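Visitor: Dropping a structure here in structure tokens format, bear with me for questions.
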Amino acid sequence: MAGPLLFAPMQIRGVTLKNRVVVAPMHQYAASRGFATDWHLMNAGRYAAGGAGLMMVESTKVEQRGCGTMGDLGLWDDAFIPGLKRIVDFIRAQDCVAGIQIGHSGRKARRFRPWEGGAPLTREAVVEALGADAWDAWDLVAPSAARSPESDPLPRALSRTEVKDLVLRWGQAARRAQEAGFEVLEIHGAHGYLIHQFLSPFSNQRNDEYGGDAMGRMRFCTEVVEEVRRHWPEEKPLFLRLSVEDDVGWGPAESVELAKLVKPKGIDVIDCSSGGMSGAPVTSAGPIGYGYQVPYAERLRREAGILSMAVGLIVHADQAEGILQKGEADLIALARELLYNPNWPMDAAQKLGVDPRFALVPPASAYWLEKRARQVKTMVPSTYRDALKASEPV
């Protein structure tokens, strides 16, 4: 009898994932002037050691003015490579594939961290932290001089020359990711950030070749994909994250068409998310609940004929396995549930009846966990749903 699909290895190009569990890229806002810190090593390391097949480092910016906060990671300079390589080496030492997402915040840049309120940064705060020249260098740019909400600062529309230059910057970031040793690369085209700003008619009001109809609005994204692939090895997978539905003009039909365009240009997987453009969760798919974005992954997989990754309130092992068994996605990405339980992959393997020797995790954990399970067969781990029922002493 075949085992769970969630823990079946998967090969994409020349990279093999030991299972289908992906750590979604999650902003940590913990960098120092773009450089990775010990927090990033710890954060990536705990997920890699928890048994995931692919650990994706957070959105790392292709240029300085693309930073969302003063804590964003950077890949706009070769100086960032050694710090990221240290993280890659640790991830790989845990038998986990190391990935990274590259992005640009566009008009959503230059803000306080979310737990600091998330409001637009003030000149005083930037100058105090980064120096007198930092404010002017960190100007807000976007496809068009349009803002949302109206209370936000007005961005400056990128010139055609600047757009072309930005495409090249994405390619150089891909080169640096390769030099750091990453094995999977993801382009961030979702959540109201720069590529999504070009895609959506809500934010793109250009009348040159990068605006107008849907094909024009897709041009920046397709050129970024082409440039990234020029610098990213043929044997390594390339993902694209999309807000498949943004509720303000970009939706599943457009996402399918874009997926069909970028697949022959070298995109292997569409990471299917939603929202981020108008500042609120999408509502067209109904109330937010378990797996609320999974239908997007299923549609992209079916209609575009491309591998898809599901993400969004995927919490339980049997839920994740069911998504794969029904053919709704090829990979399962988790984010906040991993914040709650960094050992989710190990835990899920136990609940699905595989990995009795805890081989998903390093020996320093596996030895003791396997010994406990063997010696105390009536013991119920604290993460099991029926753990409260196991109240009698063992």
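How things are named: the first chain in the structure tokens is A, the next is B, and so on; residues count from 1 in each chain; ligands count from 1 in the order shown.
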Considering only helix (DSSP H, G or I) as DSSP defines it on the backbone, what residues of range 9-126 of chain A qualify? List them as a ChimeraX atom specification.
Guide: /A:38-49,64-66,78-93,106-108,114-116,123-126
Visitor: Please provide as a PyMOL selection string all residues within 8 Å of Pro143 in chain A, with the sequence filter that same-chain residues fewer than 6 positions apart are discarded (counting only C-alpha atoms).
Guide: chain A and resi 157-158+194+197-198+203-206
Visitor: Compile a residue-level contact table for range 112-227 of chain A against range 89-100 of chain A at a cut-off of 7 Å, reporting for every qualifying residue the shortest atom pair and its distance in Å to one decimal, with only C-alpha atoms counted, rows ordered by chain and ascending number, as CSV.
Guide:
residue,atom,partner,partner_atom,distance
A:Phe182,CA,A:Ala98,CA,5.3
A:Glu183,CA,A:Ala98,CA,5.7
A:Val184,CA,A:Gly99,CA,4.3
A:Leu185,CA,A:Ile100,CA,5.2
A:Glu186,CA,A:Ile100,CA,6.2
Visitor: Emit the selected residues as a JSON list (two decimals), in the first residue's frame, including all heavy atoms.
Guide:
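Output contents, as saved in part07.json:
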[["chain", "number", "residue", "atom", "x", "y", "z"],
["A", 182, "PHE", "N", 21.47, 28.65, -3.02],
["A", 182, "PHE", "CA", 20.06, 28.26, -2.97],
["A", 182, "PHE", "C", 19.74, 27.31, -4.12],
["A", 182, "PHE", "O", 20.32, 27.41, -5.22],
["A", 182, "PHE", "CB", 19.15, 29.49, -3.03],
["A", 182, "PHE", "CG", 19.15, 30.29, -1.76],
["A", 182, "PHE", "CD1", 19.92, 31.44, -1.63],
["A", 182, "PHE", "CD2", 18.39, 29.89, -0.67],
["A", 182, "PHE", "CE1", 19.93, 32.18, -0.45],
["A", 182, "PHE", "CE2", 18.40, 30.60, 0.52],
["A", 182, "PHE", "CZ", 19.17, 31.76, 0.63],
["A", 183, "GLU", "N", 18.79, 26.40, -3.88],
["A", 183, "GLU", "CA", 18.44, 25.39, -4.87],
["A", 183, "GLU", "C", 17.08, 25.64, -5.52],
["A", 183, "GLU", "O", 16.77, 25.07, -6.56],
["A", 183, "GLU", "CB", 18.45, 24.00, -4.22],
["A", 183, "GLU", "CG", 19.80, 23.60, -3.67],
["A", 183, "GLU", "CD", 19.74, 22.36, -2.80],
["A", 183, "GLU", "OE1", 19.81, 21.25, -3.36],
["A", 183, "GLU", "OE2", 19.61, 22.51, -1.56],
["A", 184, "VAL", "N", 16.25, 26.45, -4.88],
["A", 184, "VAL", "CA", 14.94, 26.84, -5.42],
["A", 184, "VAL", "C", 14.81, 28.35, -5.29],
["A", 184, "VAL", "O", 15.21, 28.93, -4.27],
["A", 184, "VAL", "CB", 13.79, 26.14, -4.67],
["A", 184, "VAL", "CG1", 12.43, 26.67, -5.14],
["A", 184, "VAL", "CG2", 13.85, 24.62, -4.87],
["A", 185, "LEU", "N", 14.27, 28.97, -6.33],
["A", 185, "LEU", "CA", 14.07, 30.42, -6.32],
["A", 185, "LEU", "C", 12.60, 30.71, -6.60],
["A", 185, "LEU", "O", 11.98, 30.05, -7.45],
["A", 185, "LEU", "CB", 14.94, 31.07, -7.39],
["A", 185, "LEU", "CG", 14.94, 32.60, -7.47],
["A", 185, "LEU", "CD1", 15.53, 33.21, -6.21],
["A", 185, "LEU", "CD2", 15.73, 33.06, -8.70],
["A", 186, "GLU", "N", 12.04, 31.67, -5.87],
["A", 186, "GLU", "CA", 10.67, 32.09, -6.12],
["A", 186, "GLU", "C", 10.63, 33.59, -6.39],
["A", 186, "GLU", "O", 11.22, 34.38, -5.65],
["A", 186, "GLU", "CB", 9.76, 31.76, -4.93],
["A", 186, "GLU", "CG", 8.32, 32.23, -5.14],
["A", 186, "GLU", "CD", 7.35, 31.70, -4.10],
["A", 186, "GLU", "OE1", 6.84, 30.57, -4.32],
["A", 186, "GLU", "OE2", 7.09, 32.38, -3.10]]
Visitor: For Ala145 in chain A, list every protein, DNA or RNA residue within 7 Å, evaluated using only C-alpha atoms, and leave out those in the same chain fewer than 4 positions away; present the list as a list of chain:residue names.
Guide: A:Leu154, A:Pro155, A:Arg156, A:Ala157
Visitor: Take the residues from that selection and put them in a file with C-alpha atoms, as a PDB file, in the first residue's frame.
Guide:
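Contents of again38.pdb, freshly written:
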ATOM      1  CA  LEU A 154       1.813  59.112  -3.385  1.00  0.00           C
ATOM      2  CA  PRO A 155       4.388  56.985  -5.246  1.00  0.00           C
ATOM      3  CA  ARG A 156       6.296  58.154  -8.293  1.00  0.00           C
ATOM      4  CA  ALA A 157       5.575  56.405 -11.594  1.00  0.00           C
TER       5      ALA A 157
END
Visitor: For range 115-130 of chain A, work out the shell of residues within 10 Å, counting only C-alpha atoms and skipping chain neighbours fewer than 5 positions away, then give it as an mmCIF file with all heavy atoms, in the first residue's frame.
Guide:
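Saved as selection_23.cif:
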data_model
loop_
_atom_site.group_PDB
_atom_site.id
_atom_site.type_symbol
_atom_site.label_atom_id
_atom_site.label_comp_id
_atom_site.auth_asym_id
_atom_site.auth_seq_id
_atom_site.Cartn_x
_atom_site.Cartn_y
_atom_site.Cartn_z
ATOM 1 N N ARG A 33 20.252 46.638 7.862
ATOM 2 C CA ARG A 33 20.647 47.290 6.609
ATOM 3 C C ARG A 33 20.713 46.286 5.455
ATOM 4 O O ARG A 33 21.605 46.351 4.603
ATOM 5 C CB ARG A 33 21.977 48.035 6.775
ATOM 6 C CG ARG A 33 21.892 49.209 7.748
ATOM 7 C CD ARG A 33 23.235 49.872 7.949
ATOM 8 N NE ARG A 33 23.119 50.987 8.872
ATOM 9 C CZ ARG A 33 22.995 52.272 8.517
ATOM 10 N NH1 ARG A 33 22.985 52.587 7.233
ATOM 11 N NH2 ARG A 33 22.910 53.215 9.420
ATOM 12 N N GLY A 68 10.342 46.909 2.190
ATOM 13 C CA GLY A 68 9.090 47.285 2.822
ATOM 14 C C GLY A 68 9.306 47.982 4.151
ATOM 15 O O GLY A 68 8.559 48.892 4.511
ATOM 16 N N THR A 69 10.350 47.567 4.896
ATOM 17 C CA THR A 69 10.675 48.152 6.199
ATOM 18 C C THR A 69 12.187 48.288 6.306
ATOM 19 O O THR A 69 12.932 47.855 5.420
ATOM 20 C CB THR A 69 10.187 47.271 7.364
ATOM 21 O OG1 THR A 69 11.052 46.133 7.479
ATOM 22 C CG2 THR A 69 8.753 46.795 7.160
ATOM 23 N N MET A 70 12.636 48.843 7.419
ATOM 24 C CA MET A 70 14.078 48.922 7.664
ATOM 25 C C MET A 70 14.654 47.555 8.003
ATOM 26 O O MET A 70 15.874 47.424 8.155
ATOM 27 C CB MET A 70 14.363 49.934 8.773
ATOM 28 C CG MET A 70 14.228 51.365 8.306
ATOM 29 S SD MET A 70 14.816 52.610 9.479
ATOM 30 C CE MET A 70 13.404 52.743 10.564
ATOM 31 N N LYS A 108 4.336 49.897 -1.693
ATOM 32 C CA LYS A 108 4.125 49.433 -0.319
ATOM 33 C C LYS A 108 5.429 49.443 0.481
ATOM 34 O O LYS A 108 5.520 48.846 1.546
ATOM 35 C CB LYS A 108 3.516 48.024 -0.314
ATOM 36 C CG LYS A 108 2.117 47.974 -0.903
ATOM 37 C CD LYS A 108 1.525 46.574 -0.918
ATOM 38 C CE LYS A 108 1.105 46.099 0.443
ATOM 39 N NZ LYS A 108 0.360 44.822 0.397
ATOM 40 N N ALA A 109 6.443 50.133 -0.020
ATOM 41 C CA ALA A 109 7.734 50.213 0.654
ATOM 42 C C ALA A 109 7.723 51.307 1.723
ATOM 43 O O ALA A 109 6.748 52.040 1.888
ATOM 44 C CB ALA A 109 8.834 50.496 -0.371
ATOM 45 N N ARG A 110 8.845 51.379 2.444
ATOM 46 C CA ARG A 110 9.137 52.462 3.394
ATOM 47 C C ARG A 110 8.066 52.606 4.466
ATOM 48 O O ARG A 110 7.447 53.645 4.638
ATOM 49 C CB ARG A 110 9.345 53.775 2.631
ATOM 50 C CG ARG A 110 10.276 54.766 3.333
ATOM 51 C CD ARG A 110 10.521 55.977 2.479
ATOM 52 N NE ARG A 110 9.311 56.763 2.295
ATOM 53 C CZ ARG A 110 9.168 57.754 1.406
ATOM 54 N NH1 ARG A 110 10.173 58.057 0.601
ATOM 55 N NH2 ARG A 110 8.048 58.421 1.315
ATOM 56 N N TRP A 135 16.586 58.961 3.140
ATOM 57 C CA TRP A 135 15.194 59.256 2.793
ATOM 58 C C TRP A 135 15.028 59.444 1.285
ATOM 59 O O TRP A 135 14.165 58.845 0.655
ATOM 60 C CB TRP A 135 14.711 60.489 3.547
ATOM 61 C CG TRP A 135 13.292 60.862 3.210
ATOM 62 C CD1 TRP A 135 12.880 61.817 2.316
ATOM 63 C CD2 TRP A 135 12.090 60.275 3.728
ATOM 64 N NE1 TRP A 135 11.507 61.869 2.255
ATOM 65 C CE2 TRP A 135 11.008 60.933 3.121
ATOM 66 C CE3 TRP A 135 11.839 59.259 4.662
ATOM 67 C CZ2 TRP A 135 9.680 60.604 3.407
ATOM 68 C CZ3 TRP A 135 10.532 58.937 4.950
ATOM 69 C CH2 TRP A 135 9.462 59.602 4.327
ATOM 70 N N ASP A 136 15.869 60.283 0.693
ATOM 71 C CA ASP A 136 15.742 60.556 -0.742
ATOM 72 C C ASP A 136 16.060 59.323 -1.580
ATOM 73 O O ASP A 136 15.495 59.135 -2.666
ATOM 74 C CB ASP A 136 16.663 61.711 -1.133
ATOM 75 C CG ASP A 136 16.196 63.047 -0.563
ATOM 76 O OD1 ASP A 136 14.980 63.172 -0.278
ATOM 77 O OD2 ASP A 136 17.027 63.942 -0.374
ATOM 78 N N TRP A 138 15.326 56.344 -0.777
ATOM 79 C CA TRP A 138 14.253 55.359 -0.562
ATOM 80 C C TRP A 138 12.928 55.948 -1.062
ATOM 81 O O TRP A 138 11.948 55.980 -0.339
ATOM 82 C CB TRP A 138 14.182 55.014 0.917
ATOM 83 C CG TRP A 138 13.497 53.723 1.250
ATOM 84 C CD1 TRP A 138 12.868 52.862 0.404
ATOM 85 C CD2 TRP A 138 13.375 53.150 2.558
ATOM 86 N NE1 TRP A 138 12.365 51.785 1.083
ATOM 87 C CE2 TRP A 138 12.667 51.930 2.412
ATOM 88 C CE3 TRP A 138 13.805 53.541 3.828
ATOM 89 C CZ2 TRP A 138 12.363 51.109 3.511
ATOM 90 C CZ3 TRP A 138 13.514 52.723 4.908
ATOM 91 C CH2 TRP A 138 12.793 51.521 4.749
ATOM 92 N N SER A 151 -4.861 57.708 2.078
ATOM 93 C CA SER A 151 -4.056 58.297 3.151
ATOM 94 C C SER A 151 -2.568 57.979 3.013
ATOM 95 O O SER A 151 -1.737 58.569 3.695
ATOM 96 C CB SER A 151 -4.562 57.811 4.513
ATOM 97 O OG SER A 151 -4.519 56.387 4.579
ATOM 98 N N ASP A 152 -2.209 57.040 2.138
ATOM 99 C CA ASP A 152 -0.815 56.675 1.944
ATOM 100 C C ASP A 152 -0.078 57.730 1.120
ATOM 101 O O ASP A 152 -0.695 58.480 0.359
ATOM 102 C CB ASP A 152 -0.720 55.317 1.229
ATOM 103 C CG ASP A 152 -0.673 54.154 2.194
ATOM 104 O OD1 ASP A 152 -0.811 54.376 3.410
ATOM 105 O OD2 ASP A 152 -0.492 53.014 1.725
ATOM 106 N N PRO A 153 1.255 57.764 1.227
ATOM 107 C CA PRO A 153 2.024 58.677 0.377
ATOM 108 C C PRO A 153 1.854 58.327 -1.093
ATOM 109 O O PRO A 153 1.641 57.166 -1.458
ATOM 110 C CB PRO A 153 3.468 58.440 0.831
ATOM 111 C CG PRO A 153 3.373 57.804 2.171
ATOM 112 C CD PRO A 153 2.108 57.010 2.165
#
Visitor: So how far away is CA of Val269 in chain A from CA of Gly327 in chain A, in Å?
Guide: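 The value is 14.6 Å.
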Visitor: Compile a residue-level contact table for range 22-137 of chain A against range 166-175 of chain A at a cut-off of 9 Å, reporting for every qualifying residue the shortest atom pair and its distance in Å to one decimal, with only C-alpha atoms counted, rows ordered by chain and ascending number, as a tab-separated table.
Guide:
residue	atom	partner	partner_atom	distance
A:Thr60	CA	A:Ala173	CA	8.8
A:Lys61	CA	A:Ala173	CA	8.1
A:Val62	CA	A:Ala173	CA	5.6
A:Glu63	CA	A:Arg169	CA	7.0
A:Gly74	CA	A:Ala173	CA	8.9
A:Leu75	CA	A:Ala173	CA	5.4
A:Trp76	CA	A:Ala173	CA	6.2
A:Asp77	CA	A:Ala173	CA	8.1
A:Asp78	CA	A:Ala173	CA	8.9
A:Ile102	CA	A:Ala173	CA	7.3
A:Gly103	CA	A:Trp170	CA	8.0
Visitor: Taking 6 positions as the minimum chain separation for residues in the same chain, which residues sit within 10 Å of Asn343 in chain A when counting only C-alpha atoms? Answer as a PyMOL selection string.
Guide: chain A and resi 46-52+337+360-361
Visitor: Take CA of Ala304 in chain A and CA of Pro252 in chain A and report the distance between them in Å, one decimal.
Guide: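 Computed distance, CA of Ala304 in chain A to CA of Pro252 in chain A, equals 10.7 Å.
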Visitor: CA of Ala79 in chain A and CA of Ala24 in chain A are how many Å apart?
Guide: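 Between these atoms lies a distance of 25.2 Å.
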Visitor: Going by DSSP on the backbone, which residues of range 250-353 of chain A come out as strand (DSSP E or B)? List them as number ranges by chain.
Guide: A: 269-273, 307-311, 331-334
Visitor: Go ahead and write the selection's residues with N, CA and C atoms as an mmCIF file, in the first residue's frame.
Guide:
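Result file follows (part06.cif):
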data_model
loop_
_atom_site.group_PDB
_atom_site.id
_atom_site.type_symbol
_atom_site.label_atom_id
_atom_site.label_comp_id
_atom_site.auth_asym_id
_atom_site.auth_seq_id
_atom_site.Cartn_x
_atom_site.Cartn_y
_atom_site.Cartn_z
ATOM 1 N N VAL A 269 6.491 26.112 -10.954
ATOM 2 C CA VAL A 269 5.428 26.010 -9.955
ATOM 3 C C VAL A 269 4.798 27.380 -9.758
ATOM 4 N N ILE A 270 3.457 27.425 -9.704
ATOM 5 C CA ILE A 270 2.753 28.632 -9.304
ATOM 6 C C ILE A 270 2.345 28.479 -7.838
ATOM 7 N N ASP A 271 2.815 29.388 -7.011
ATOM 8 C CA ASP A 271 2.485 29.447 -5.584
ATOM 9 C C ASP A 271 1.221 30.297 -5.476
ATOM 10 N N CYS A 272 0.108 29.678 -5.115
ATOM 11 C CA CYS A 272 -1.214 30.288 -5.284
ATOM 12 C C CYS A 272 -1.732 30.928 -4.006
ATOM 13 N N SER A 273 -1.574 32.246 -3.912
ATOM 14 C CA SER A 273 -2.079 33.014 -2.793
ATOM 15 C C SER A 273 -3.168 33.956 -3.297
ATOM 16 N N LEU A 307 2.470 22.796 -12.362
ATOM 17 C CA LEU A 307 2.488 22.414 -10.952
ATOM 18 C C LEU A 307 2.024 23.594 -10.097
ATOM 19 N N SER A 308 1.268 23.301 -9.049
ATOM 20 C CA SER A 308 0.791 24.371 -8.178
ATOM 21 C C SER A 308 1.091 24.049 -6.720
ATOM 22 N N MET A 309 1.197 25.105 -5.937
ATOM 23 C CA MET A 309 1.421 24.977 -4.497
ATOM 24 C C MET A 309 0.269 25.663 -3.778
ATOM 25 N N ALA A 310 -0.343 24.934 -2.849
ATOM 26 C CA ALA A 310 -1.460 25.472 -2.070
ATOM 27 C C ALA A 310 -0.940 26.050 -0.767
ATOM 28 N N VAL A 311 -1.564 27.167 -0.338
ATOM 29 C CA VAL A 311 -1.174 27.821 0.903
ATOM 30 C C VAL A 311 -2.389 28.545 1.467
ATOM 31 N N LEU A 331 2.147 20.693 -4.105
ATOM 32 C CA LEU A 331 2.938 20.989 -2.918
ATOM 33 C C LEU A 331 2.053 21.687 -1.897
ATOM 34 N N ILE A 332 2.410 21.537 -0.637
ATOM 35 C CA ILE A 332 1.666 22.161 0.461
ATOM 36 C C ILE A 332 2.603 23.125 1.180
ATOM 37 N N ALA A 333 2.218 24.394 1.214
ATOM 38 C CA ALA A 333 3.012 25.403 1.918
ATOM 39 C C ALA A 333 2.307 25.808 3.203
ATOM 40 N N LEU A 334 3.072 25.909 4.262
ATOM 41 C CA LEU A 334 2.548 26.353 5.541
ATOM 42 C C LEU A 334 3.346 27.559 6.019
#
Visitor: Which range 263-337 of chain A residues have any atom within 10 Å of an atom of range 227-247 of chain A, and for each, what is the nearest pair of atoms with distance in Å to one decimal, counting only C-alpha atoms, rows sorted by chain and number, as a tab-separated table?
Guide:
residue	atom	partner	partner_atom	distance
A:Lys263	CA	A:Leu238	CA	9.8
A:Lys265	CA	A:Arg229	CA	7.7
A:Gly266	CA	A:Arg229	CA	6.5
A:Ile267	CA	A:Leu238	CA	5.2
A:Asp268	CA	A:Leu238	CA	5.6
A:Val269	CA	A:Phe239	CA	4.7
A:Ile270	CA	A:Leu240	CA	5.0
A:Asp271	CA	A:Arg241	CA	4.3
A:Cys272	CA	A:Leu242	CA	5.6
A:Ser273	CA	A:Ser243	CA	4.7
A:Ser274	CA	A:Ser243	CA	3.7
A:Gly275	CA	A:Asp246	CA	4.4
A:Gly276	CA	A:Asp246	CA	6.8
A:Met277	CA	A:Asp246	CA	6.1
A:Ser278	CA	A:Asp246	CA	7.7
A:Gly279	CA	A:Asp246	CA	9.8
A:Ala280	CA	A:Asp246	CA	9.3
A:Pro281	CA	A:Asp246	CA	8.4
A:Val282	CA	A:Asp247	CA	5.9
A:Thr283	CA	A:Asp247	CA	7.3
A:Ser284	CA	A:Asp247	CA	6.7
A:Ala285	CA	A:Glu245	CA	8.7
A:Gln293	CA	A:Val244	CA	8.9
A:Pro295	CA	A:Val244	CA	10.0
A:Tyr296	CA	A:Val244	CA	6.4
A:Ala297	CA	A:Val244	CA	8.6
A:Arg299	CA	A:Val244	CA	9.8
A:Leu300	CA	A:Val244	CA	8.7
A:Leu307	CA	A:Phe239	CA	9.4
A:Ser308	CA	A:Phe239	CA	9.2
A:Met309	CA	A:Arg241	CA	9.0
Visitor: Pick from A:Leu54, A:Arg372, A:Thr383, A:Arg217: nearest to Thr16 in chain A, with only C-alpha atoms counted?
Guide: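 Going through A:Leu54, A:Arg372, A:Thr383, A:Arg217 one by one, the smallest distance to Thr16 in chain A is for A:Leu54.
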Visitor: Could you name the residues that touch Ala320 in chain A at 10 Å or less, counting only C-alpha atoms, but leaving out those on the same chain fewer than 3 positions away, as JSON, numbers by chain?
Guide: {"A": [5, 6, 20, 21, 291, 310, 311, 314, 315, 316, 317, 323, 324, 325, 329, 331, 332, 333, 334, 348]}
